[in-house]
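Trainee: Questions regarding the structure given below will be posed in turn.
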Amino acid sequence: MTAANPSSTPSATAPRPASPGGAPRGGRQQAPTIDPVRVLRQHAWLLAGSAGAGLVLGVIAHFTCLFLYPLWGGTVLFEIRPEVTGAKDAVTREIVQDEAIARLGQTESQKMTSKSVLEAAMKAPDIATTKWGQYYDTVDDRVKQLEDTLRVGHRRGTQLFTVTWRTWDKADVPVVMNRVADTYMSMREAEENERSARSKAQFESKRSGVEEQIRTLKAEIQDFIRKNGITAGRESDLADQRSTENLARLRDDTIRDLTLAQARLDSIDRKIADQRFEDEDRRSALDDQSIRALERDLQQLQVALLASRERFGEDHQQVKDLMQREASGRARLTAAMNESMSRNLLADKINFAQRVVGLKSLVEKQTLDLTTGQKRLQELTAQISALDALKEQLVQKELERNDLQDLISQLDLLQAREDARRVRLVQRASTPKELDFPQLKFMMPGGAVLVLLVVAGILFLREFLDQRVKQPSDIAGIGGARLLGVIPDISDDPASPKAAELVVTELPGSTTAEMFRQFASAVRKSMDASGLRSIAVMTPHPAGGATTTAVNLALSLHAAGRTVAIVDANLRRPRVASIFGVDPDAPGLSDMLAGKSVEPHMSHGIAIYGPGTPDIRVYERLTTDEMRRLVARLREKYQVVVVDLPPTLVAGESLVVADCCDAAILVVRAMQDQRGLVSKFIYQLQETHAVLMGTVLMRPEHTIGGYFKKNAELMAEYAKPASAQPASTQPASKEPKS
C-alpha cells in the first residue's frame with residue numbers, strides 16, 4: 001500500500017494544539033543542586049561511625065604524640081601602657097579602642113621577635129646550658145627556630161599581649177623565654193633613652209638659634225628708630241591721622257551736596273525744556289497773590305453757574321453766559337499758573353547753578369588738601385608699620401624660645417617618670433606544670449571532627465560528581481523539564497503492592513496508586529488547558545517505566561470519565577497487551593499501518609491497540625505519514641489517546657512518533673538516567689518540533705525517610721475503611737448511645 005500525500009488527508013495536516021501551559025522551552029542543563037540535609041540523612045549511620053572512629057584515632061594519636069613528641073609551653077605577659085601626653089599629667093590617658101590596643105600589641109610583638117632582639121638574646125651564656133641550646137648549638141639555628149615557634153597574641157578586652165613558646169624540656173622554657181623578654185626590655189629602654197636624647201639635642205640646638213635671632217631683632221629695632229627719628233611721643237600722636245580723616249569726611253559731604261545740587265539743576269532743565277510741571281511747582285505758584293485772586297474769581301463763577309443750572313436749566317441764556325465766563329476764567333488761571341511756574345523754575349535754576357559752581361571749587365580745594373595730608377600720613381604709617389613688624393617678630397621669637405625651653409623641661413620630666421614607659425613586663429615565664437601538647441580533651445574531639453569532615457567531604461564530592469538523576473530537584477535543574485509527578489518504588493509503599501503496572505485498579509488505596517492519580521491530575525489539567533488529545537509516553541533507557549506510566553495514566557484518565565485508547569508502539573518488546581491480559585500477537589497497530597481495519601480489545605474500560613501481527617511489525621512504518629494519520633483518526637474517536645513508545649536510546653522511531661502526538665511525556669528512571677542524557681533528549685524533542693508536556697521521575701531511592709514517609713503512611717492509613725482503623729483513632733463520644 002502506497003502512503004498517501006499528507007496534504008490529501010485533512011486529519012494528517014490538522015493544526016497542533018497549543019503547547020501545555022507552563023511548559024518552558026529549552027533543554028539547557030543548569031548546575032546541579034545538592035540538598036545537604038538529604039545527603040546527611042541518607043548517610044547518617046556512616047557519619048556516626050566515622051565520628052566514633054575519629055574518637056578512637058584521636059586517643060591513639062594522643063598517646064603516640066605523648067610518647068614521641070611531648071611539648072611544654074610557657075607564656076610571658078606584657079602590658080601596653082596608655083600614652084603620657086604631658087610631663088605634668090597626674091594620670092595617664094586611657095586607651096579605649098580594642099583595635100588600637102591590638103595594633104600596638106602586634107607592633108611590639110614584631111619588635112620582640114625581630115632578628116636583632118633574638119640574636120642578642122641567643123648570645124647569652126645561660127642559653128648554651130639548656131638542652132634546647134645544646135641541640136641548636138649555633139646562634140643562627142636558635143634564631144631561626146625561635147622565629148618559627150614563637151607565638152604572639154593579644155588578650156581581647158585588655159591591654160595585655162602575650163608571647164608563648166613550646167619545647168620538649170620544661171626546664172628550658174623559663175630560661176629561653178625570660179632571656180628573650182629581658183633582652184627586649186633592655187633594648188627598648190635603650191632605644192627610648194637614645195630617642196629622648198636626640199630629641200633634646202635638637203630642641204636645644206633650635207633654642208640657641210632662636211636666641212641669636214632675638215638679639216639680631218633687638219639691634220635692628222634700635223637702628224630703625226635712630227635712622228627715622230621716631231620717638232615715643234610721635235608714635236602715640238595720632239593728630240595727623242584724625243585731621244586727614246576729618247578732611248576726607250568733609251570732602252565726601254561736599255561731593256554729596258554737589259551731586260544733589262547737580263541732580264536738582266538737571267531736573268529743572270528738563271522741566272523747562274518739556275514744560276512738565278509737578279505738584280510741588282503748582283503749590284509754589286499758588287503762593288502768588290494774583291493767582292489766588294484768579295482762583296477765587298473762578299470759584300465764584302463755578303458757584304453761580306451751579307446755582308443757575310439748578311434754577312433755569314442748561315438751555316437758559318444766563319447759564320450759557322456763565323459757562324463762557326467760567327471757561328475764560330479757567331484759561332486765564334491756567335496761563336497765569338504756567339507763567340508763574342516757569343518764572344519760579346528759572347529762579348531755581350540760577351540759584352542751583354551758582355551752588356554747583358561753588359561746590360565744585362570747594363571740592364577741588366579739599367581734594368588738594370586731602371592728597372597732601374594722605375601722603376604725609378602714608379609716610380608716617382609705613383615707618384610705624386615697619387617698626388611694629390620688627391617688634392612682632394621679636395615677640396614671636398621670644399614665645400618660640402619659651403616653648404622650646406618648656407619642651408626641654410618636659411623631656412627631662414618624662415624621662416624621669418617610670419609610668420612613661422609604654423611597655424611593662426607584667427609576668428615572667430615559669431616552669432610549666434602540665435603538658436601543653438598533646439591533651440586528650442582536644443585530641444579526641446579533634447580526631448572525630450577531622451574524620452567526620454573527611455568522610456562528609458567525600459560524600460558531598462561524590463554527590464556533586466554523580467550526574468545521575470536521583471531526586472526531583474535534579475529534574476528541576478534541567479531546562480524545559482517540567483516535573484509532572486514522582487512515582488516511588490513499590491518497596492517504599494507501606495501498602496506493599498506486588499506490581500506497579502495496574503496498581504491504580506488493583507490496589508487503589510496504595511501510596512503508589514495515589515501518586516499515579518496525582519500525576520494523572522496534572523496531565524489532565526494541562527490537556528484541558530491546551531486542548532490536547534494524544535499523548536506519547538517515552539523513556540531514554542529500557543526498563544525506564546514508560547509502559548507502567550502509560551498504563552496507569554490511561555486507567556486514571558478513564559476513571560475520571562474520559563474515553564481512553566492506549567496504543568502499544570513498542571514493536572520490539574511490547575508489554576501493554578500482556579498487562580491487560582490481551583493476546584499480544586492479535587491484530588493491532590502494525591495491521592492498521594498496513595491498511596487493515598482492526599477493532600480494539602476492551603479491558604478495564606480502555607480500548608487496547610496491541611503491536612499487531614508479528615510478521616508485519618515493520619519499524620519503518622512508524623515514521624511514515626500513515627502513523628500521523630492513524631493518531632489523528634484515534635484523536636477523533638477517543639477523548640484521550642495514550643501511545644507507549646520504545647526506549648529512545650534503542651529505537652530511533654520514538655522521536656518521530658512523539659511528533660505525531662499532541663504532546664509527549666518523558667519518563668526518567670532515578671539512579672539510571674544521567675542529567676545530561678535527559679537534557680539531550682529534551683533538546684532532540686524540540687528539534688523534531690515535538691511538544692514536551694513534562695517529565696515523570698520513577699522509583700527515586702531513599703525517599704522513604706522524612707516527609708515522604710509520613711505522607712505515604714498517611715495516604716495508606718486514610719485509604720483504609722473506617723471500620724478497619726484502630727479504635728484509638730476514633731474520636732471519643734461523650735453522649736450515650738440511643
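Starting from 1 in every chain, residues are counted up; chains themselves are A, B, ... following the order of the C-alpha cells, and ligands are numbered from 1 as listed.
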Write out as a ChimeraX atom specification which residues come within 12 Å of Ser578 in chain A when counting only C-alpha atoms, dropping same-chain ones fewer than 4 positions away.
Mentor: /A:501-502,547-548,551,568,573-574,582-586,601,603,608-611
Trainee: With range 57-77 of chain A as the partner and 9 Å as the cut-off, tabulate the residues of range 420-459 of chain A that qualify, each row holding the nearest pair of atoms and their distance in Å to one decimal, using only C-alpha atoms, sorted by chain and rising number, as JSON lines.
Mentor:
{"residue": "A:Arg424", "atom": "CA", "partner": "A:Leu77", "partner_atom": "CA", "distance": 8.9}
{"residue": "A:Leu425", "atom": "CA", "partner": "A:Leu77", "partner_atom": "CA", "distance": 6.4}
{"residue": "A:Val426", "atom": "CA", "partner": "A:Leu77", "partner_atom": "CA", "distance": 5.4}
{"residue": "A:Gln427", "atom": "CA", "partner": "A:Leu77", "partner_atom": "CA", "distance": 4.9}
{"residue": "A:Arg428", "atom": "CA", "partner": "A:Val76", "partner_atom": "CA", "distance": 5.1}
{"residue": "A:Ala429", "atom": "CA", "partner": "A:Val76", "partner_atom": "CA", "distance": 5.1}
{"residue": "A:Ser430", "atom": "CA", "partner": "A:Gly74", "partner_atom": "CA", "distance": 6.8}
{"residue": "A:Thr431", "atom": "CA", "partner": "A:Gly74", "partner_atom": "CA", "distance": 7.3}
{"residue": "A:Pro432", "atom": "CA", "partner": "A:Gly74", "partner_atom": "CA", "distance": 6.3}
{"residue": "A:Lys433", "atom": "CA", "partner": "A:Trp72", "partner_atom": "CA", "distance": 8.5}
{"residue": "A:Glu434", "atom": "CA", "partner": "A:Trp72", "partner_atom": "CA", "distance": 7.2}
{"residue": "A:Leu435", "atom": "CA", "partner": "A:Trp72", "partner_atom": "CA", "distance": 5.1}
{"residue": "A:Asp436", "atom": "CA", "partner": "A:Trp72", "partner_atom": "CA", "distance": 5.1}
{"residue": "A:Phe437", "atom": "CA", "partner": "A:Leu71", "partner_atom": "CA", "distance": 5.1}
{"residue": "A:Pro438", "atom": "CA", "partner": "A:His62", "partner_atom": "CA", "distance": 5.8}
{"residue": "A:Gln439", "atom": "CA", "partner": "A:His62", "partner_atom": "CA", "distance": 6.9}
{"residue": "A:Leu440", "atom": "CA", "partner": "A:His62", "partner_atom": "CA", "distance": 6.1}
{"residue": "A:Phe442", "atom": "CA", "partner": "A:Gly58", "partner_atom": "CA", "distance": 8.4}
{"residue": "A:Met443", "atom": "CA", "partner": "A:Gly58", "partner_atom": "CA", "distance": 4.9}
{"residue": "A:Met444", "atom": "CA", "partner": "A:Gly58", "partner_atom": "CA", "distance": 4.2}
{"residue": "A:Pro445", "atom": "CA", "partner": "A:Gly58", "partner_atom": "CA", "distance": 7.1}
{"residue": "A:Gly446", "atom": "CA", "partner": "A:Gly58", "partner_atom": "CA", "distance": 6.8}
{"residue": "A:Gly447", "atom": "CA", "partner": "A:Gly58", "partner_atom": "CA", "distance": 4.4}
{"residue": "A:Ala448", "atom": "CA", "partner": "A:Gly58", "partner_atom": "CA", "distance": 7.0}
{"residue": "A:Val451", "atom": "CA", "partner": "A:Leu57", "partner_atom": "CA", "distance": 8.8}
Trainee: Any idea what the distance is between CA of Ile475 in chain A and CA of Ile535 in chain A?
Mentor: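 Computed distance, CA of Ile475 in chain A to CA of Ile535 in chain A, equals 20.4 Å.
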Trainee: Within 9 Å of Val640 in chain A, counting only C-alpha atoms, which residues qualify if same-chain residues fewer than 5 places away don't, as a ChimeraX atom specification?
Mentor: /A:532-535,554,557-558,562-566,634-635
Trainee: Could those residues be written to a file, using N, CA and C atoms, as an mmCIF file, in the first residue's frame?
Mentor:
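Final file, selection10.cif:
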data_model
loop_
_atom_site.group_PDB
_atom_site.id
_atom_site.type_symbol
_atom_site.label_atom_id
_atom_site.label_comp_id
_atom_site.auth_asym_id
_atom_site.auth_seq_id
_atom_site.Cartn_x
_atom_site.Cartn_y
_atom_site.Cartn_z
ATOM 1 N N LEU A 532 -5.317 19.173 24.369
ATOM 2 C CA LEU A 532 -4.545 18.005 23.953
ATOM 3 C C LEU A 532 -5.429 16.762 23.984
ATOM 4 N N ARG A 533 -5.196 15.838 23.014
ATOM 5 C CA ARG A 533 -5.970 14.606 22.967
ATOM 6 C C ARG A 533 -5.063 13.374 22.923
ATOM 7 N N SER A 534 -3.886 13.485 22.280
ATOM 8 C CA SER A 534 -2.987 12.341 22.139
ATOM 9 C C SER A 534 -1.684 12.622 22.881
ATOM 10 N N ILE A 535 -1.197 11.612 23.639
ATOM 11 C CA ILE A 535 -0.013 11.778 24.474
ATOM 12 C C ILE A 535 0.906 10.589 24.235
ATOM 13 N N ALA A 554 -3.536 5.837 31.668
ATOM 14 C CA ALA A 554 -4.781 5.523 30.962
ATOM 15 C C ALA A 554 -5.878 5.113 31.935
ATOM 16 N N LEU A 557 -7.148 8.292 33.788
ATOM 17 C CA LEU A 557 -7.964 9.165 32.944
ATOM 18 C C LEU A 557 -9.316 8.533 32.648
ATOM 19 N N HIS A 558 -9.350 7.207 32.489
ATOM 20 C CA HIS A 558 -10.639 6.529 32.281
ATOM 21 C C HIS A 558 -11.504 6.620 33.540
ATOM 22 N N ARG A 562 -13.125 9.791 31.100
ATOM 23 C CA ARG A 562 -12.706 10.006 29.716
ATOM 24 C C ARG A 562 -12.760 8.676 28.951
ATOM 25 N N THR A 563 -13.022 8.755 27.645
ATOM 26 C CA THR A 563 -12.868 7.587 26.783
ATOM 27 C C THR A 563 -11.403 7.522 26.377
ATOM 28 N N VAL A 564 -10.757 6.406 26.678
ATOM 29 C CA VAL A 564 -9.307 6.303 26.556
ATOM 30 C C VAL A 564 -8.960 5.121 25.676
ATOM 31 N N ALA A 565 -7.969 5.333 24.792
ATOM 32 C CA ALA A 565 -7.368 4.266 23.999
ATOM 33 C C ALA A 565 -5.879 4.284 24.255
ATOM 34 N N ILE A 566 -5.280 3.108 24.398
ATOM 35 C CA ILE A 566 -3.845 3.002 24.604
ATOM 36 C C ILE A 566 -3.259 2.193 23.457
ATOM 37 N N LEU A 634 -7.579 8.348 15.638
ATOM 38 C CA LEU A 634 -7.882 7.939 17.008
ATOM 39 C C LEU A 634 -8.251 9.135 17.871
ATOM 40 N N ARG A 635 -7.656 10.299 17.638
ATOM 41 C CA ARG A 635 -7.999 11.516 18.399
ATOM 42 C C ARG A 635 -9.462 11.892 18.190
#
Trainee: Name all residues at most 10 Å from Ala560 in chain A (count only C-alpha atoms; drop same-chain ones fewer than 5 positions away) and give them as a ChimeraX atom specification.
Mentor: /A:517,520-521,524,554-555
Trainee: Which residues, written as a VMD selection string, have at least one atom at most 9 Å from range 204-206 of chain A, with only C-alpha atoms counted and residues fewer than 4 positions away on the same chain left out?
Mentor: chain A and resid 199 to 200 210 to 211 401 404 to 405 408
Trainee: Just list the residues in range 144-195 of chain A DSSP gives helix (DSSP H, G or I) on the backbone, as a PyMOL selection string.
Mentor: chain A and resi 144-149+172-195
Trainee: Pick the closest to Leu390 in chain A from A:Ile268, A:Ile214, A:Met527, A:Leu450: which is it, counting only C-alpha atoms?
Mentor: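 Selected residue with least distance to Leu390 in chain A: A:Ile214.
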Trainee: I need the residue nearest Gly457 in chain A from this list: A:Leu40, A:Ile616, A:Ala219, A:Ala529. Use only C-alpha atoms for the distance.
Mentor: A:Leu40
Trainee: For range 142-159 of chain A, work out the shell of residues within 8 Å, counting only C-alpha atoms and skipping chain neighbours fewer than 5 positions away, then give it as a short mmCIF file (atom, residue, chain, number, x, y, z; two decimals) with C-alpha atoms, in the first residue's frame.
Mentor:
data_model
loop_
_atom_site.label_atom_id
_atom_site.label_comp_id
_atom_site.auth_asym_id
_atom_site.auth_seq_id
_atom_site.Cartn_x
_atom_site.Cartn_y
_atom_site.Cartn_z
CA GLU A 79 51.17 45.40 79.26
CA ILE A 80 50.63 48.18 76.75
CA ARG A 81 50.51 51.28 78.92
CA ASP A 98 40.46 47.46 71.17
CA ILE A 101 45.48 48.12 71.60
CA ALA A 102 45.68 45.16 69.21
CA GLY A 105 50.44 44.85 70.72
CA GLN A 106 51.16 43.43 67.27
CA SER A 109 55.31 41.67 69.31
CA THR A 113 60.52 38.62 67.69
CA LYS A 115 66.07 39.17 64.35
CA LEU A 118 66.62 37.25 69.11
CA GLU A 119 70.29 37.34 68.09
CA MET A 122 70.66 33.85 71.99
CA GLY A 133 70.53 25.41 73.33
CA TYR A 136 70.70 24.09 68.40
CA ASP A 137 74.37 24.86 69.00
CA THR A 164 54.25 31.88 74.07
CA TRP A 165 56.78 29.19 73.23
CA ARG A 166 56.90 25.39 73.45
#
Trainee: Out of A:Arg462, A:Arg629, A:Arg468, A:Arg699, which residue has the shortest atom-to-atom distance to Gly544 in chain A when counting only C-alpha atoms?
Mentor: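 Among A:Arg462, A:Arg629, A:Arg468, A:Arg699, it is A:Arg699 that comes nearest to Gly544 in chain A.
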